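Q: Let me give you the structure first, and then I'll get to my questions.
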Amino acid sequence: MKSMYSLICTLMFVVMNFGQGTDYKMETLFDGRDLKQWQVPDNNVWWAIDGDALWAKSDPDQKGSILWTKKEYEDFVVQLDFKFGEGTIDSGIFMRGDDEKNVQIQIGISGSLKRDMTGSPYVPKSGYPVEAAGIKELLRMDGWNTIKAMTIGNSYKVWLNGEEVMNYILEEANLKGPVGLQLHPGSDMTIQFKNISIAEL
């Protein structure tokens with residue numbers, strides 16, 4: 001029991017103090033040239049590279065798509081730049097999968113809440129357990145933004161444009177899975193991503 005308590009305390013210390021530093025080496029997932037590290041869906045009409053950016057664009061039937069990494073991760077920090085395009089932007093970063101034991105970090109408008117929830121965690125079947133702070137002041141609606149999301153065990157932490165905006169713990173979370181970029185179904189939208197990188201912790 002004492003060892004379990006020590007483990008929890010150590011984990012919480014790491015989560016509270018680790019993230020914005022440079023004690024880890026980021027590895028490139030997308031550098032503007034190819035999608036070799038991603039599972040491109042069959043009959044792909046959603047994802048395209050233009051210039052140095054990865055574009056996500058809704059299909060005519062608005063079925064949506066998730067672009068998954070080929071590799072699965074446990075504890076990690078993922079960082080990317082994003083820029084809103086046309087339409088009602090509903091996107092996000094899946095952290096280890098997309099079921100009810102996984103967190104998605106929202107980018108853009110929540111389909112259920114009908115307002116911007118960028119940086120907030122969404123859990124399928126549970127909604128948004130907490131809301132990211134200070135997003136209105138930090139979010140660049142017409143320019144590039146940098147979002148960083150970290151997960152260690154069942155803890156999640158997010159920064160937007162260099163500022164910490166969210167902490168959350170999901171009990172009984174899945175602890176291993178791929179990272180995904182979402183193009184939400186039911187929306188007519190475009191969004192760009194670039195400089196996508198990840199570090200295993």
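Ordering of the structure tokens sets the chain letters (A, B, ...); residue numbers start at 1 within each chain; ligands are numbered from 1 in the order shown.
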With only C-alpha atoms as the counted atoms, please give the residues lying no more than 12 Å from A:Leu160, apart from itself and same-chain residues fewer than 4 positions off, as a ChimeraX atom specification.
A: /A:20,79-82,105-107,118-120,132-140,144-150,164-166
Q: For stretch 87-100 of chain A, work out the shell of residues within 6 Å, counting only C-alpha atoms and skipping chain neighbours fewer than 4 positions away, then give it as a PyMOL selection string.
A: chain A and resi 104-109+123-124+176-184+188-189
Q: Keeping all heavy atoms for every residue in the selection just given, could you write it to a file as a short mmCIF file (atom, residue, chain, number, x, y, z; two decimals), in the first residue's frame?
A:
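Here's the written file selection-v1.cif:
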```cif
data_model
loop_
_atom_site.label_atom_id
_atom_site.label_comp_id
_atom_site.auth_asym_id
_atom_site.auth_seq_id
_atom_site.Cartn_x
_atom_site.Cartn_y
_atom_site.Cartn_z
N GLN A 104 -9.82 12.62 -26.08
CA GLN A 104 -9.53 13.40 -27.28
C GLN A 104 -9.35 14.85 -26.84
O GLN A 104 -10.20 15.39 -26.11
CB GLN A 104 -10.65 13.32 -28.30
CG GLN A 104 -10.42 14.23 -29.51
CD GLN A 104 -11.70 14.56 -30.26
OE1 GLN A 104 -12.75 13.98 -30.00
NE2 GLN A 104 -11.61 15.50 -31.17
N ILE A 105 -8.28 15.48 -27.28
CA ILE A 105 -8.07 16.90 -26.99
C ILE A 105 -8.73 17.70 -28.11
O ILE A 105 -8.30 17.63 -29.27
CB ILE A 105 -6.57 17.24 -26.89
CG1 ILE A 105 -5.89 16.35 -25.83
CG2 ILE A 105 -6.40 18.72 -26.57
CD1 ILE A 105 -6.49 16.45 -24.45
N GLN A 106 -9.76 18.44 -27.77
CA GLN A 106 -10.56 19.15 -28.75
C GLN A 106 -9.78 20.29 -29.41
O GLN A 106 -9.01 20.99 -28.76
CB GLN A 106 -11.82 19.73 -28.07
CG GLN A 106 -12.71 20.55 -28.97
CD GLN A 106 -13.54 19.69 -29.91
OE1 GLN A 106 -13.81 18.53 -29.61
NE2 GLN A 106 -13.95 20.26 -31.03
N ILE A 107 -10.02 20.47 -30.71
CA ILE A 107 -9.56 21.64 -31.45
C ILE A 107 -10.77 22.19 -32.18
O ILE A 107 -11.32 21.54 -33.07
CB ILE A 107 -8.43 21.30 -32.45
CG1 ILE A 107 -7.19 20.79 -31.71
CG2 ILE A 107 -8.08 22.52 -33.30
CD1 ILE A 107 -6.07 20.34 -32.64
N GLY A 108 -11.22 23.37 -31.79
CA GLY A 108 -12.35 24.01 -32.46
C GLY A 108 -13.66 23.85 -31.73
O GLY A 108 -13.71 23.67 -30.50
N ILE A 109 -14.75 23.89 -32.50
CA ILE A 109 -16.10 23.92 -31.97
C ILE A 109 -16.58 22.53 -31.55
O ILE A 109 -16.46 21.57 -32.32
CB ILE A 109 -17.09 24.49 -33.01
CG1 ILE A 109 -16.65 25.88 -33.46
CG2 ILE A 109 -18.52 24.52 -32.47
CD1 ILE A 109 -16.69 26.93 -32.38
N VAL A 123 -14.31 12.92 -23.67
CA VAL A 123 -14.32 11.48 -23.44
C VAL A 123 -15.64 10.93 -23.99
O VAL A 123 -16.71 11.34 -23.56
CB VAL A 123 -14.21 11.15 -21.94
CG1 VAL A 123 -14.18 9.64 -21.73
CG2 VAL A 123 -12.98 11.81 -21.33
N PRO A 124 -15.58 10.01 -24.98
CA PRO A 124 -16.81 9.45 -25.53
C PRO A 124 -17.74 8.91 -24.45
O PRO A 124 -17.29 8.28 -23.49
CB PRO A 124 -16.30 8.33 -26.45
CG PRO A 124 -14.94 8.79 -26.86
CD PRO A 124 -14.38 9.48 -25.65
N LYS A 176 -2.27 2.53 -23.66
CA LYS A 176 -1.46 2.36 -24.87
C LYS A 176 -2.36 2.41 -26.09
O LYS A 176 -3.47 1.86 -26.07
CB LYS A 176 -0.70 1.03 -24.84
CG LYS A 176 0.24 0.83 -26.01
CD LYS A 176 1.04 -0.46 -25.88
CE LYS A 176 2.02 -0.62 -27.04
NZ LYS A 176 2.82 -1.86 -26.92
N GLY A 177 -1.89 3.08 -27.13
CA GLY A 177 -2.66 3.16 -28.36
C GLY A 177 -2.06 4.18 -29.32
O GLY A 177 -1.10 4.88 -29.00
N PRO A 178 -2.64 4.30 -30.50
CA PRO A 178 -2.13 5.24 -31.49
C PRO A 178 -2.60 6.66 -31.21
O PRO A 178 -3.53 6.90 -30.44
CB PRO A 178 -2.74 4.72 -32.80
CG PRO A 178 -4.05 4.13 -32.36
CD PRO A 178 -3.78 3.51 -31.01
N VAL A 179 -1.94 7.61 -31.86
CA VAL A 179 -2.37 9.01 -31.84
C VAL A 179 -3.17 9.26 -33.11
O VAL A 179 -2.82 8.77 -34.19
CB VAL A 179 -1.15 9.95 -31.78
CG1 VAL A 179 -1.57 11.41 -31.88
CG2 VAL A 179 -0.37 9.71 -30.49
N GLY A 180 -4.24 10.02 -33.00
CA GLY A 180 -5.08 10.29 -34.17
C GLY A 180 -5.41 11.75 -34.34
O GLY A 180 -5.55 12.49 -33.36
N LEU A 181 -5.53 12.17 -35.59
CA LEU A 181 -6.02 13.51 -35.92
C LEU A 181 -7.43 13.35 -36.46
O LEU A 181 -7.68 12.51 -37.34
CB LEU A 181 -5.13 14.19 -36.96
CG LEU A 181 -3.68 14.43 -36.56
CD1 LEU A 181 -2.93 15.07 -37.73
CD2 LEU A 181 -3.59 15.31 -35.33
N GLN A 182 -8.35 14.15 -35.96
CA GLN A 182 -9.76 13.98 -36.32
C GLN A 182 -10.27 15.04 -37.29
O GLN A 182 -9.98 16.23 -37.15
CB GLN A 182 -10.63 14.01 -35.07
CG GLN A 182 -12.11 13.71 -35.38
CD GLN A 182 -13.02 14.03 -34.21
OE1 GLN A 182 -12.88 15.07 -33.58
NE2 GLN A 182 -13.95 13.15 -33.93
N LEU A 183 -11.03 14.56 -38.25
CA LEU A 183 -11.89 15.40 -39.09
C LEU A 183 -13.30 14.93 -38.77
O LEU A 183 -13.72 13.86 -39.20
CB LEU A 183 -11.56 15.20 -40.57
CG LEU A 183 -12.42 15.95 -41.58
CD1 LEU A 183 -12.26 17.46 -41.43
CD2 LEU A 183 -12.05 15.52 -43.01
N HIS A 184 -14.02 15.71 -37.98
CA HIS A 184 -15.28 15.25 -37.40
C HIS A 184 -16.35 15.05 -38.47
O HIS A 184 -16.50 15.88 -39.37
CB HIS A 184 -15.78 16.25 -36.37
CG HIS A 184 -16.73 15.67 -35.38
ND1 HIS A 184 -18.04 15.40 -35.68
CD2 HIS A 184 -16.56 15.28 -34.09
CE1 HIS A 184 -18.64 14.88 -34.62
NE2 HIS A 184 -17.76 14.79 -33.64
N ASP A 188 -18.80 20.59 -42.38
CA ASP A 188 -18.20 21.02 -43.64
C ASP A 188 -17.08 21.98 -43.26
O ASP A 188 -17.33 23.11 -42.85
CB ASP A 188 -19.25 21.72 -44.51
CG ASP A 188 -18.71 22.07 -45.89
OD1 ASP A 188 -17.62 21.57 -46.23
OD2 ASP A 188 -19.36 22.84 -46.61
N MET A 189 -15.84 21.53 -43.38
CA MET A 189 -14.73 22.29 -42.80
C MET A 189 -13.40 21.95 -43.46
O MET A 189 -13.26 20.93 -44.14
CB MET A 189 -14.62 21.98 -41.31
CG MET A 189 -14.44 20.49 -41.01
SD MET A 189 -13.88 20.10 -39.34
CE MET A 189 -12.12 20.41 -39.51
#
```
Q: Taking the DSSP assignment computed from this structure's backbone, write out as a ChimeraX atom specification all residues of chain A that belong to strand (DSSP E).
A: /A:27-30,38-39,47-50,53-57,65-73,76-87,90-95,103-108,121-122,145-152,155-160,163-169,177-183,189-200
Q: Between atom CA of A:Ala56 and atom CA of A:Phe30, what is the spacing in Å?
A: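 Atom CA of A:Phe30 sits 13.7 Å away from atom CA of A:Ala56.
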Q: Which of these, A:Ile191, A:Ala53, A:Leu113, A:Leu175, has the shortest distance to A:Glu72 once you count only C-alpha atoms?
A: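 Of A:Ile191, A:Ala53, A:Leu113, A:Leu175, the one nearest A:Glu72, counting only C-alpha atoms, is A:Leu175.
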Q: So, counting only C-alpha atoms, which residue among A:Thr151, A:Thr69, A:Ser58, A:Asn43 is closest to A:Thr28?
A: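 When distances to A:Thr28 are compared using only C-alpha atoms, the smallest one comes from A:Thr69.
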Q: So, with only C-alpha atoms as the atoms that count, which of A:Gly153, A:Pro60, A:Gly85, A:Gly127 lies closest to A:Ser110?
A: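 Closest candidate: A:Gly127.
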